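> Data file upload31.cif (mmCIF, C-alpha atoms) is appended below.
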```
data_work
loop_
_atom_site.label_atom_id
_atom_site.label_comp_id
_atom_site.auth_asym_id
_atom_site.auth_seq_id
_atom_site.Cartn_x
_atom_site.Cartn_y
_atom_site.Cartn_z
CA ARG B 10 -7.20 -34.37 11.99
CA PRO B 11 -9.40 -32.52 9.48
CA THR B 12 -9.12 -33.35 5.80
CA ASP B 13 -6.75 -31.10 3.84
CA GLU B 14 -8.84 -28.21 2.50
CA ALA B 15 -6.95 -28.28 -0.80
CA CYS B 16 -8.20 -31.84 -1.36
CA ARG B 17 -11.65 -31.42 0.15
CA ALA B 18 -12.86 -28.32 -1.65
CA PRO B 19 -12.63 -29.64 -5.26
CA VAL B 20 -14.45 -32.83 -4.25
CA GLU B 21 -17.22 -30.85 -2.57
CA ARG B 22 -17.53 -28.60 -5.63
CA PHE B 23 -17.69 -31.58 -8.01
CA CYS B 24 -20.41 -33.25 -5.92
CA ARG B 25 -22.44 -30.06 -5.75
CA ASP B 26 -22.20 -29.48 -9.49
CA ASN B 27 -23.17 -33.07 -10.35
CA GLY B 28 -26.05 -33.68 -7.96
CA PHE B 29 -24.26 -35.73 -5.30
CA THR B 30 -24.58 -35.26 -1.55
CA TYR B 31 -21.22 -34.37 0.01
CA ILE B 32 -20.67 -35.23 3.69
CA HIS B 33 -17.62 -33.98 5.59
CA ARG B 34 -16.44 -34.92 9.08
CA SER B 35 -14.23 -32.66 11.18
CA ASN B 36 -12.53 -35.71 12.69
CA ARG B 37 -11.42 -39.18 11.59
CA ARG B 38 -12.81 -41.18 14.48
CA GLY B 39 -13.21 -44.79 13.45
CA TYR B 40 -11.40 -44.13 10.14
CA LYS B 41 -13.21 -45.71 7.18
CA ALA B 42 -15.72 -47.57 9.38
CA GLY B 43 -16.48 -44.33 11.19
CA ALA B 44 -16.99 -42.50 7.92
CA LEU B 45 -19.35 -45.20 6.65
CA ASN B 46 -21.38 -45.17 9.86
CA ASN B 47 -21.54 -41.39 9.71
CA ALA B 48 -22.78 -41.49 6.11
CA LEU B 49 -25.37 -44.07 7.11
CA LYS B 50 -26.99 -41.46 9.38
CA PHE B 51 -27.62 -39.22 6.36
CA THR B 52 -28.86 -42.01 4.10
CA PRO B 53 -32.60 -41.66 3.29
CA ALA B 54 -34.82 -44.14 5.11
CA ASP B 55 -36.12 -45.69 1.88
CA VAL B 56 -32.62 -46.76 0.72
CA GLU B 57 -32.44 -50.54 1.03
CA ILE B 58 -29.11 -51.38 -0.63
CA ILE B 59 -25.80 -49.64 0.07
CA SER B 60 -22.76 -49.88 -2.21
CA VAL B 61 -19.25 -49.11 -0.99
CA ILE B 62 -16.79 -47.79 -3.60
CA ASP B 63 -13.31 -46.46 -2.88
CA ALA B 64 -12.59 -42.98 -4.21
CA ASP B 65 -9.92 -44.13 -6.67
CA TYR B 66 -12.29 -46.43 -8.56
CA HIS B 67 -13.68 -45.77 -12.03
CA VAL B 68 -16.98 -47.66 -12.14
CA GLU B 69 -18.84 -48.98 -15.16
CA PRO B 70 -22.36 -47.53 -15.61
CA GLU B 71 -24.00 -50.98 -15.59
CA TYR B 72 -22.62 -51.83 -12.14
CA LEU B 73 -25.84 -51.32 -10.18
CA ARG B 74 -28.10 -52.45 -12.99
CA GLU B 75 -26.43 -55.87 -13.09
CA THR B 76 -26.05 -56.43 -9.34
CA VAL B 77 -28.98 -54.93 -7.42
CA GLY B 78 -31.42 -57.48 -8.87
CA TYR B 79 -29.80 -60.31 -6.90
CA PHE B 80 -31.20 -58.76 -3.74
CA ILE B 81 -34.65 -60.01 -4.72
CA ASP B 82 -33.47 -62.89 -2.54
CA SER B 83 -34.58 -61.57 0.85
CA GLY B 84 -31.90 -63.61 2.61
CA LEU B 85 -29.00 -62.10 0.67
CA GLY B 86 -27.02 -59.90 3.04
CA PHE B 87 -24.15 -58.77 0.85
CA LEU B 88 -22.71 -59.13 -2.64
CA GLN B 89 -19.12 -58.71 -3.77
CA THR B 90 -17.58 -58.14 -7.20
CA PRO B 91 -13.84 -58.31 -7.97
CA GLN B 92 -11.44 -55.49 -7.25
CA ASP B 93 -9.50 -54.65 -10.37
CA TYR B 94 -6.89 -52.08 -11.37
CA ARG B 95 -6.19 -49.54 -14.11
CA ASN B 96 -2.48 -48.86 -13.43
CA VAL B 97 -1.33 -52.46 -13.91
CA HIS B 98 1.51 -51.50 -16.27
CA GLN B 99 2.84 -48.64 -14.14
CA SER B 100 5.79 -50.65 -12.77
CA PHE B 101 7.20 -54.11 -12.20
CA LEU B 102 5.55 -54.12 -8.77
CA THR B 103 2.07 -53.22 -10.05
CA ARG B 104 2.24 -55.91 -12.74
CA GLN B 105 3.14 -58.66 -10.26
CA TYR B 106 0.70 -57.38 -7.63
CA TYR B 107 -2.07 -57.59 -10.20
CA PHE B 108 -1.50 -61.31 -10.71
CA ALA B 109 -0.95 -62.07 -7.02
CA ASP B 110 -4.17 -60.25 -6.11
CA GLY B 111 -5.96 -61.90 -9.01
CA PHE B 112 -5.50 -65.28 -7.34
CA PHE B 113 -7.84 -64.19 -4.55
CA TYR B 114 -10.63 -63.04 -6.87
CA ARG B 115 -10.24 -65.73 -9.53
CA ALA B 116 -9.60 -68.81 -7.37
CA ILE B 117 -10.32 -68.26 -3.68
CA MET B 118 -13.51 -66.20 -3.86
CA PRO B 119 -15.27 -68.45 -6.44
CA SER B 120 -14.45 -71.45 -4.25
CA ARG B 121 -15.71 -69.79 -1.08
CA ASN B 122 -18.80 -68.59 -2.94
CA GLU B 123 -19.89 -72.21 -3.40
CA ALA B 124 -20.09 -72.54 0.39
CA ASN B 125 -21.65 -69.11 1.10
CA ALA B 126 -18.37 -68.13 2.79
CA ILE B 127 -17.06 -65.11 0.88
CA SER B 128 -15.71 -61.97 2.50
CA PHE B 129 -16.91 -58.44 1.92
CA CYS B 130 -13.86 -56.65 0.50
CA GLY B 131 -14.45 -53.00 1.32
CA THR B 132 -15.09 -51.74 -2.22
CA MET B 133 -17.09 -52.76 -5.29
CA GLY B 134 -19.62 -54.55 -3.11
CA LEU B 135 -23.20 -54.04 -1.93
CA VAL B 136 -24.77 -54.74 1.44
CA ARG B 137 -28.42 -54.87 2.45
CA ARG B 138 -29.14 -52.04 4.87
CA GLU B 139 -31.42 -54.21 6.99
CA ALA B 140 -28.63 -56.77 7.41
CA LEU B 141 -26.05 -54.07 8.15
CA GLU B 142 -28.13 -52.44 10.86
CA ASN B 143 -29.20 -55.83 12.18
CA VAL B 144 -25.60 -56.70 13.12
CA GLY B 145 -24.68 -53.26 14.44
CA ALA B 146 -23.21 -51.54 11.34
CA TRP B 147 -19.47 -51.25 10.71
CA ALA B 148 -17.07 -51.89 13.60
CA GLU B 149 -15.10 -48.71 14.21
CA ASP B 150 -12.46 -50.49 16.28
CA HIS B 151 -11.35 -52.62 13.30
CA VAL B 152 -9.06 -51.47 10.46
CA THR B 153 -10.33 -54.27 8.21
CA GLU B 154 -13.96 -53.50 8.90
CA ASP B 155 -15.04 -55.26 5.70
CA CYS B 156 -13.80 -58.72 6.72
CA GLU B 157 -15.03 -58.24 10.28
CA LEU B 158 -18.50 -57.27 9.05
CA SER B 159 -18.60 -60.43 6.92
CA VAL B 160 -18.13 -62.62 9.99
CA ARG B 161 -21.02 -60.97 11.83
CA LEU B 162 -23.32 -61.05 8.80
CA LEU B 163 -22.73 -64.74 8.09
CA ASN B 164 -22.97 -65.57 11.78
CA ALA B 165 -26.40 -63.88 11.75
CA ARG B 166 -27.30 -66.32 8.92
CA TRP B 167 -27.38 -63.77 6.10
CA ARG B 168 -26.24 -65.13 2.74
CA SER B 169 -23.46 -63.82 0.52
CA LEU B 170 -22.81 -63.84 -3.23
CA PHE B 171 -19.72 -63.31 -5.38
CA ILE B 172 -20.22 -62.10 -8.97
CA PRO B 173 -17.02 -62.81 -10.99
CA LYS B 174 -17.30 -59.81 -13.29
CA THR B 175 -15.25 -56.60 -13.09
CA PHE B 176 -17.38 -53.46 -12.83
CA GLY B 177 -14.72 -51.01 -11.65
CA LYS B 178 -10.98 -50.41 -11.55
CA GLY B 179 -8.90 -48.62 -8.94
CA LEU B 180 -5.19 -48.06 -8.29
CA ILE B 181 -2.57 -50.57 -7.16
CA PRO B 182 0.00 -49.21 -4.67
CA PRO B 183 2.73 -48.05 -7.10
CA THR B 184 5.68 -48.17 -4.69
CA PHE B 185 7.00 -50.89 -2.42
CA ASP B 186 6.58 -48.63 0.62
CA ALA B 187 2.87 -48.14 -0.15
CA TYR B 188 2.55 -51.87 -0.84
CA LYS B 189 4.06 -52.66 2.58
CA LYS B 190 1.73 -50.24 4.36
CA GLN B 191 -1.32 -51.76 2.73
CA HIS B 192 -0.32 -55.30 3.68
CA HIS B 193 0.65 -54.18 7.16
CA ARG B 194 -2.89 -52.92 7.68
CA TRP B 195 -4.43 -56.08 6.22
CA ALA B 196 -2.28 -58.38 8.36
CA PHE B 197 -2.93 -56.38 11.52
CA GLY B 198 -6.65 -56.29 10.77
CA GLY B 199 -6.81 -60.00 9.98
CA ALA B 200 -5.10 -60.83 13.28
CA LYS B 201 -7.55 -58.59 15.12
CA VAL B 202 -10.56 -60.25 13.46
CA LEU B 203 -9.15 -63.63 14.49
CA ARG B 204 -8.75 -62.50 18.08
CA ALA B 205 -12.14 -60.77 18.25
CA HIS B 206 -14.06 -63.72 16.81
CA PHE B 207 -11.83 -66.64 17.80
CA GLY B 208 -14.54 -68.47 19.73
CA LYS B 209 -17.13 -67.79 17.05
CA LEU B 210 -14.87 -69.15 14.30
CA LEU B 211 -14.08 -72.31 16.26
CA PHE B 212 -17.35 -73.12 17.99
CA GLY B 213 -20.00 -70.66 16.76
CA ARG B 214 -23.38 -72.08 15.83
CA GLY B 215 -24.45 -69.30 13.50
CA MET B 216 -21.96 -70.28 10.80
CA THR B 217 -21.45 -73.60 9.05
CA PHE B 218 -18.22 -75.53 9.51
CA ARG B 219 -17.02 -74.51 6.04
CA GLN B 220 -17.72 -70.84 6.73
CA ARG B 221 -15.85 -70.95 10.02
CA PHE B 222 -12.98 -72.88 8.43
CA ASP B 223 -12.58 -70.44 5.52
CA PHE B 224 -12.53 -67.36 7.73
CA PHE B 225 -10.27 -69.00 10.31
CA ILE B 226 -7.72 -69.94 7.64
CA SER B 227 -7.96 -66.56 5.89
CA CYS B 228 -7.13 -64.80 9.18
CA LEU B 229 -4.50 -67.34 10.18
CA GLN B 230 -2.66 -67.02 6.86
CA TRP B 231 -1.25 -63.65 7.95
CA PHE B 232 0.91 -65.61 10.41
CA ASP B 233 2.32 -67.99 7.78
CA GLY B 234 5.55 -66.02 7.57
CA ILE B 235 6.37 -67.15 11.10
CA TYR B 236 6.21 -70.78 10.00
CA THR B 237 8.45 -69.97 7.03
CA VAL B 238 11.03 -68.32 9.30
CA ILE B 239 11.02 -71.29 11.72
CA ILE B 240 11.65 -73.79 8.91
CA ALA B 241 14.33 -71.58 7.35
CA GLY B 242 15.99 -71.10 10.75
CA ALA B 243 16.05 -74.84 11.43
CA VAL B 244 17.60 -75.61 8.06
CA ALA B 245 20.14 -72.81 8.46
CA ALA B 246 21.09 -74.04 11.94
CA ILE B 247 21.74 -77.57 10.64
CA ALA B 248 23.82 -76.21 7.76
CA ILE B 249 25.88 -73.94 10.01
CA GLY B 250 26.50 -76.84 12.38
CA GLU B 251 27.80 -78.96 9.53
CA ILE B 252 30.07 -76.18 8.26
CA ARG B 253 31.55 -75.61 11.71
CA GLY B 254 32.12 -79.31 12.27
CA ALA B 255 29.65 -79.42 15.17
CA PRO B 256 26.50 -81.04 13.79
CA ILE B 257 23.32 -80.42 15.77
CA GLU B 258 22.22 -84.04 15.42
CA VAL B 259 24.15 -87.25 15.90
CA TYR B 260 21.63 -90.02 15.24
CA HIS B 261 19.18 -90.35 12.36
CA ARG B 262 21.27 -88.06 10.18
CA ASN B 263 19.59 -89.11 6.95
CA GLU B 264 16.10 -88.60 8.34
CA ILE B 265 16.90 -85.16 9.72
CA ALA B 266 18.57 -84.22 6.43
CA LEU B 267 15.16 -84.60 4.84
CA LEU B 268 14.16 -81.44 6.71
CA GLY B 269 16.07 -79.55 4.05
CA LEU B 270 13.52 -80.73 1.51
CA VAL B 271 10.61 -79.12 3.38
CA PRO B 272 11.16 -75.57 2.01
CA ILE B 273 11.55 -76.98 -1.49
CA PHE B 274 8.30 -78.93 -1.15
CA LEU B 275 6.48 -75.85 0.17
CA LEU B 276 7.75 -73.72 -2.73
CA ILE B 277 6.69 -76.30 -5.31
CA ASP B 278 3.30 -76.74 -3.64
CA GLY B 279 2.74 -72.97 -3.46
CA PHE B 280 3.84 -72.52 -7.06
CA ALA B 281 1.46 -75.22 -8.31
CA ARG B 282 -1.53 -73.87 -6.37
CA LEU B 283 -0.86 -70.34 -7.62
CA HIS B 284 0.07 -71.15 -11.21
CA LEU B 285 -2.70 -73.56 -12.20
CA PRO B 286 -5.66 -71.21 -11.60
CA LEU B 287 -3.79 -68.14 -12.89
CA ARG B 288 -2.75 -69.92 -16.06
CA ARG B 289 -6.36 -70.85 -16.71
CA SER B 290 -7.95 -67.50 -15.76
CA MET B 291 -5.23 -64.95 -16.65
CA ASN B 292 -3.06 -66.87 -19.13
CA LEU B 293 -0.05 -66.40 -16.86
CA SER B 294 3.21 -68.14 -17.81
CA MET B 295 5.31 -70.16 -15.37
CA TRP B 296 7.88 -67.38 -15.26
CA GLY B 297 5.11 -64.90 -14.55
CA THR B 298 3.98 -67.02 -11.60
CA VAL B 299 7.54 -67.07 -10.24
CA LYS B 300 7.68 -63.26 -10.34
CA ALA B 301 4.29 -62.97 -8.63
CA MET B 302 5.51 -65.33 -5.89
CA VAL B 303 8.64 -63.21 -5.39
CA VAL B 304 6.51 -60.13 -4.76
CA TRP B 305 4.29 -62.08 -2.35
CA TYR B 306 7.22 -63.54 -0.38
CA ALA B 307 8.91 -60.14 -0.24
CA ILE B 308 6.15 -58.99 2.09
CA LYS B 309 6.22 -61.92 4.55
CA PHE B 310 8.25 -60.08 7.19
CA VAL B 311 5.70 -57.25 7.08
CA HIS B 312 2.95 -59.80 7.73
CA ILE B 313 4.87 -61.20 10.69
CA SER B 314 5.48 -57.75 12.15
CA ALA B 315 1.86 -56.63 11.78
CA ALA B 316 0.15 -59.88 12.83
CA ARG B 317 2.13 -60.17 16.08
CA LYS B 318 1.22 -56.60 17.12
CA ARG B 319 -2.49 -57.31 17.57
CA PRO B 320 -2.03 -60.20 20.05
CA SER B 321 0.42 -57.98 21.94
CA GLY B 322 -2.38 -55.48 22.59
CA LEU B 323 -1.88 -52.67 20.06
CA LYS B 324 -5.14 -51.21 18.78
CA VAL B 325 -3.90 -49.46 15.63
CA PRO B 326 -1.51 -50.79 12.96
CA VAL B 327 1.51 -48.59 13.67
CA VAL B 328 4.17 -49.27 11.02
#
```
Kindly transcribe the structure held in the file into structure tokens.

Amino acid sequence: RPTDEACRAPVERFCRDNGFTYIHRSNRRGYKAGALNNALKFTPADVEIISVIDADYHVEPEYLRETVGYFIDSGLGFLQTPQDYRNVHQSFLTRQYYFADGFFYRAIMPSRNEANAISFCGTMGLVRREALENVGAWAEDHVTEDCELSVRLLNARWRSLFIPKTFGKGLIPPTFDAYKKQHHRWAFGGAKVLRAHFGKLLFGRGMTFRQRFDFFISCLQWFDGIYTVIIAGAVAAIAIGEIRGAPIEVYHRNEIALLGLVPIFLLIDGFARLHLPLRRSMNLSMWGTVKAMVVWYAIKFVHISAARKRPSGLKVPVV
């Protein structure tokens, strides 16, 4: 449907008054990917580097000055800088989301950067136009077109680069409902990328083993809630059997009882892997890490719901 005129008109007026080109579509075909491809048609032919910035971001003036120079490397296909936020203290949710999201940009992305295996994140990044057009531009049938584009760029042997410096700040979803919708889209999109590029991520020759491994795991992690539910269900079934006087197992009782330690081990392992890098990079306390984990685990059922929809054949992430 067309954009609300009450929202569109002020933006168009601001762009006109400040020397920006305003492009409006009468439809939303392809959503964000469709809008980016449409804008690409109007981009002057001599433009070599394209930056994608979400509308809610306030960007520092030195952003382009400190990033474009890296593209002197003719093999560099795309560059990503961290997403950051300016409404961190709006609520309990935004504060915990900030730390949970910070783990990705302060621990995961620097690690993947060492292996040329980072993901384009949809905003606060730059992509070489030649590389973008070489792989067929943005995929309009994907709701996480940024991650999907990364797979095709790296498979085409373009290089990537992560710059660990914040150049812009946007808005964290301020309500739990908005938070769920965002993660629902990410989980659905990650599952679709996994399905669309499954063979490429397992056996493709264009990407290194580490690149394929990182993207395979990053897409597979949206299904981790299923594993959590299976373990929790098994432990609950054993406990209920004991309470009712009808134990599920008869032999090897002590060994099977150890199953109850699995969730505890997973929680401790997850806490350690989250806390250590966040303590070093964001000075987060142990209690702060616990709260961030609570917010992350609160969304696991949303991940399960969204991730299972793509294998079932749905094409859009209906909540």
> To verify the selection step, state as a list in words which residues the PyMOL selection byres ((chain B and resi 93) around 9) yields on this input.
Tyr66, Pro91, Gln92, Tyr94, Arg95, Tyr107, Asp110, Gly111, Thr175, Phe176, Gly177, Lys178, Gly179, Leu180 and Ile181 of chain B
> Taking 4 positions as the minimum chain separation for residues in the same chain, which residues sit within 9 Å of stretch 298-306 of chain B when counting all atoms listed in the file? Answer as number ranges by chain.
B: 102, 104-109, 234, 279-280, 283-284, 287-288, 293-294, 310
> Can you tell me how far atom CA of B:Tyr188 sits from atom CA of B:Trp231, in Å to one decimal?
15.2 Å
> Pick out the residues sitting within 12 Å of B:Ile226, and hand them over as a list in words; count only C-alpha atoms, and ignore anything fewer than 6 positions along from it in its own chain.
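Final neighbour list, sorted by chain and number: Ile117, Arg121, Ala126, Gly199, Ala200, Val202, Leu203, Phe207, Leu210, Leu211, Arg219, Gln220, Phe232 and Asp233 of chain B.
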> Would you export the selected residues with C-alpha atoms as a PDB file, in the coordinates of the input, please?

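Contents of result02.pdb, freshly written:
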```
ATOM      1  CA  ILE B 117     -10.320 -68.260  -3.680  1.00  0.00           C
ATOM      2  CA  ARG B 121     -15.710 -69.790  -1.080  1.00  0.00           C
ATOM      3  CA  ALA B 126     -18.370 -68.130   2.790  1.00  0.00           C
ATOM      4  CA  GLY B 199      -6.810 -60.000   9.980  1.00  0.00           C
ATOM      5  CA  ALA B 200      -5.100 -60.830  13.280  1.00  0.00           C
ATOM      6  CA  VAL B 202     -10.560 -60.250  13.460  1.00  0.00           C
ATOM      7  CA  LEU B 203      -9.150 -63.630  14.490  1.00  0.00           C
ATOM      8  CA  PHE B 207     -11.830 -66.640  17.800  1.00  0.00           C
ATOM      9  CA  LEU B 210     -14.870 -69.150  14.300  1.00  0.00           C
ATOM     10  CA  LEU B 211     -14.080 -72.310  16.260  1.00  0.00           C
ATOM     11  CA  ARG B 219     -17.020 -74.510   6.040  1.00  0.00           C
ATOM     12  CA  GLN B 220     -17.720 -70.840   6.730  1.00  0.00           C
ATOM     13  CA  PHE B 232       0.910 -65.610  10.410  1.00  0.00           C
ATOM     14  CA  ASP B 233       2.320 -67.990   7.780  1.00  0.00           C
TER      15      ASP B 233
END
```
> Taking into account all atoms listed in the file, which residue in the set B:Gly297, B:Gly250, B:Gly84, B:Pro53 is nearest to B:Val136?
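Between B:Gly297, B:Gly250, B:Gly84, B:Pro53, the residue approaching B:Val136 most closely is B:Gly84.
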> Please, what distance in Å, to one decimal, runs between atom CA of B:Ala44 and atom CA of B:Ala18?
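Atom-to-atom, atom CA of B:Ala44 to atom CA of B:Ala18, that is 17.6 Å.
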